[in-house]
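Chemist: Quick one: structure below, then a few questions.
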Amino acid sequence: MIEVENVSFTYPSGVEALKEINVKINDADFIAIIGENGAGKTTFIKHLNGILKPTQGDIYINGLNTKKASIAELSRDVGLVFQNPDHQLFCETVEDEIAFGLKNFGFNKDAISERVTWALNLLDLTKYGKVSPFMLSGGERKRVALATILAWDPKILVLDEPTIGQDFHQKDKLRQFIVQLNSQGRTVIMVTHDVEFVADCNPKVIVMSNNRIIATGSAREVLTNFDILAKASVLPPQITQLFIKLSDLGLPQNVIDLYEAKQLIIDLTKGRLNNEGL
Amino acid sequence: MKVFEGLKFKRGTTAIHRLDPRTKFLVSCMIFTLALLFTELLSIMILFIAQLPLIFSARIYREWSLSLKGSLTLVGIILLSNLIVGYISNNFQLSSQLLTYSISMAFRFVVLMSSFSLFFLTTSPDDLSLALEQSHIPYEFCFAFTTAIRFVPVLAIEAQTIMDAQRSRGLELDKGNFLKRIRNYIPILIPLIVGAIRRSLELAEAMESRAFGAKKKRTNLYRLQLKKSDYLTFLISFCILSLALYIRYNIPIPEFQIPL
């Protein structure tokens, strides 16, 4: 469980990046954090494994105050995947890369090789095990970065912009993968600008704007609330925008799901056809 | 990383900022030369104090002190290595003379650092590039030089992000013995260097797509012009330097020693 109590944070340069953040994230929650550039999203998630410590207030990870624990201690439970994989890849092979974190956390040799194989398999990287991570494409490097964190199976997984640089196919795979991890009982928190991705994943949504949390709710509640989204410089998913434009036809305005939308349109056209007696 | 913060240009409109970059470079060189001319603690301290009015009038006190704080580790190394070498060559005896000498050597580095800091904090990379060009240095070299300076803060930010990313993978930088600690920095250095090389290639492509080097002779919108204040600064610097040389060779400098 993550408890964030009245947290404010100011960078040493004097820039205020978080103001009075209060939020409670339960085990096995699935959370998406959205908001404009510079809203404080990345600063917030850097607090979850203690890279940054609040200048005011406290954060408790499973009861442990982040101010009293090292980054390594916290990272064992909170796996943070950075936005840019190039900021962490440095080993000769993908296997070594995945083993790096495991060695740091003191896993024994057998456990390391077992988990490396597991993580490679999980992210469809087995054929790249002996390849240098620098030879891989952007999307593949991103998956390697994810594998390096998942290898030690943290209870809480935090992803910063996981969809950037992924094509549609990979994005869909990533979605299935994240949903699966969450359904296995892991807490998943992701920061993203991709509202379509959020709509597809259907998590709880936290909206940040101007260094504060301005709304929390289900994806459907938040993504159809134009006022809140406008404050955070976010546009609703295209399907929602379309349904709002078609509201004269009596269509509901809180649609975010493509399949639901399809069904509603089928019903509407069928009704029309029946009314016109064709 | 703080040391870079203390070398990053800070825009300003003080008299020092308005001086020609060539003048400022000359002044920095003069301080540099003076610091190398003298070894006595007293003269080095005078040199240090003499810089303070310049620092304050340029309103860069905060950044300047950051650069000094950042160089403290090196200062410590200089102090210790002087002490150790002197101690060994002096038949394992610690004298107050040796202590004074070591301290003044360390302090000399502070003076050098502070004169660099003064120059880089008050000279914009653009002005610096112009000054180099007008001194007939080939444009490619000027460009490489100013780009290097310009990218220092970018690299510093990137190094911090990489450190955060690796620590999130359980890397503990300050764990283990001395050698282990140095090895701990490999996961930081490799992504940093690879990133820098990648960026330089990207930059080269971007420059070429904007027709870099298409014309041999480049013209500039601005031209640096020496002003009265520049000539005055030249004159003062020249006088100080001559005076210092005279003192150095003709007047014995009183040497006080720090008691053990």
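Please note that chains go A, B, ... in the order of the structure tokens, that every chain numbers its residues from 1, and that ligands are numbered from 1 in the order shown.
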Determine which residues of chain B sit within 10 Å of chain A, taking into account only C-alpha atoms, and present them as a PyMOL selection string.
Modeler: chain B and resi 158-172+186-192+194-195
Chemist: Can you pull out every residue from region 80-159 of chain A that DSSP, working from the backbone, puts in strand (DSSP E or B), and format the result as a list of chain:residue names?
Modeler: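 DSSP on the backbone gives strand (DSSP E or B) at A:Leu80, A:Val81, A:Ile156, A:Leu157, A:Val158, A:Leu159.
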Chemist: What parts of region 26-64 of chain B does DSSP call helix (DSSP H, G or I)? I'd like the answer as a PyMOL selection string.
Modeler: chain B and resi 26-37+41-57+61-64
Chemist: Extract, using only C-alpha atoms, all DNA, RNA and protein residues at most 8 Å from Ile55 (chain B), discarding same-chain residues fewer than 5 positions from it, and format them as a PyMOL selection string.
Modeler: chain B and resi 60-61+64+118
Chemist: Give me a file of those residues, with N, CA and C atoms, as a tab-separated table (two decimals), in the first residue's frame.
Modeler:
chain	number	residue	atom	x	y	z
B	60	ILE	N	27.46	37.56	-9.03
B	60	ILE	CA	27.46	36.12	-9.31
B	60	ILE	C	27.94	35.38	-8.08
B	61	TYR	N	27.74	35.98	-6.90
B	61	TYR	CA	28.29	35.40	-5.69
B	61	TYR	C	27.82	33.97	-5.47
B	64	TRP	N	29.28	31.53	-8.01
B	64	TRP	CA	30.72	31.45	-7.78
B	64	TRP	C	31.02	30.56	-6.59
B	118	LEU	N	34.75	33.22	-12.77
B	118	LEU	CA	34.40	34.61	-13.10
B	118	LEU	C	34.26	34.78	-14.61
Chemist: Find the spatial neighbours of region 15-17 of chain A, counting only C-alpha atoms, within a cut-off of 7 Å - ignore same-chain residues fewer than 4 positions away - and output them as JSON, numbers by chain.
Modeler: {"A": [9, 10, 11, 40, 43, 211]}
Chemist: So that I have them on file, write out the residues from the current selection with C-alpha atoms, as a PDB file, in the first residue's frame.
Modeler:
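Result saved to again.pdb:
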ATOM      1  CA  PHE A   9       8.434  19.060  -2.961  1.00  0.00           C
ATOM      2  CA  THR A  10      10.706  21.909  -3.998  1.00  0.00           C
ATOM      3  CA  TYR A  11      13.829  21.296  -6.088  1.00  0.00           C
ATOM      4  CA  GLY A  40       4.798  17.099 -11.624  1.00  0.00           C
ATOM      5  CA  THR A  43       8.622  14.185  -9.892  1.00  0.00           C
ATOM      6  CA  ASN A 211       1.864  20.477  -9.394  1.00  0.00           C
TER       7      ASN A 211
END
Chemist: What's the separation between CA of Val222 (chain A) and CA of Val4 (chain A), in Å to one decimal place?
Modeler: 20.9 Å
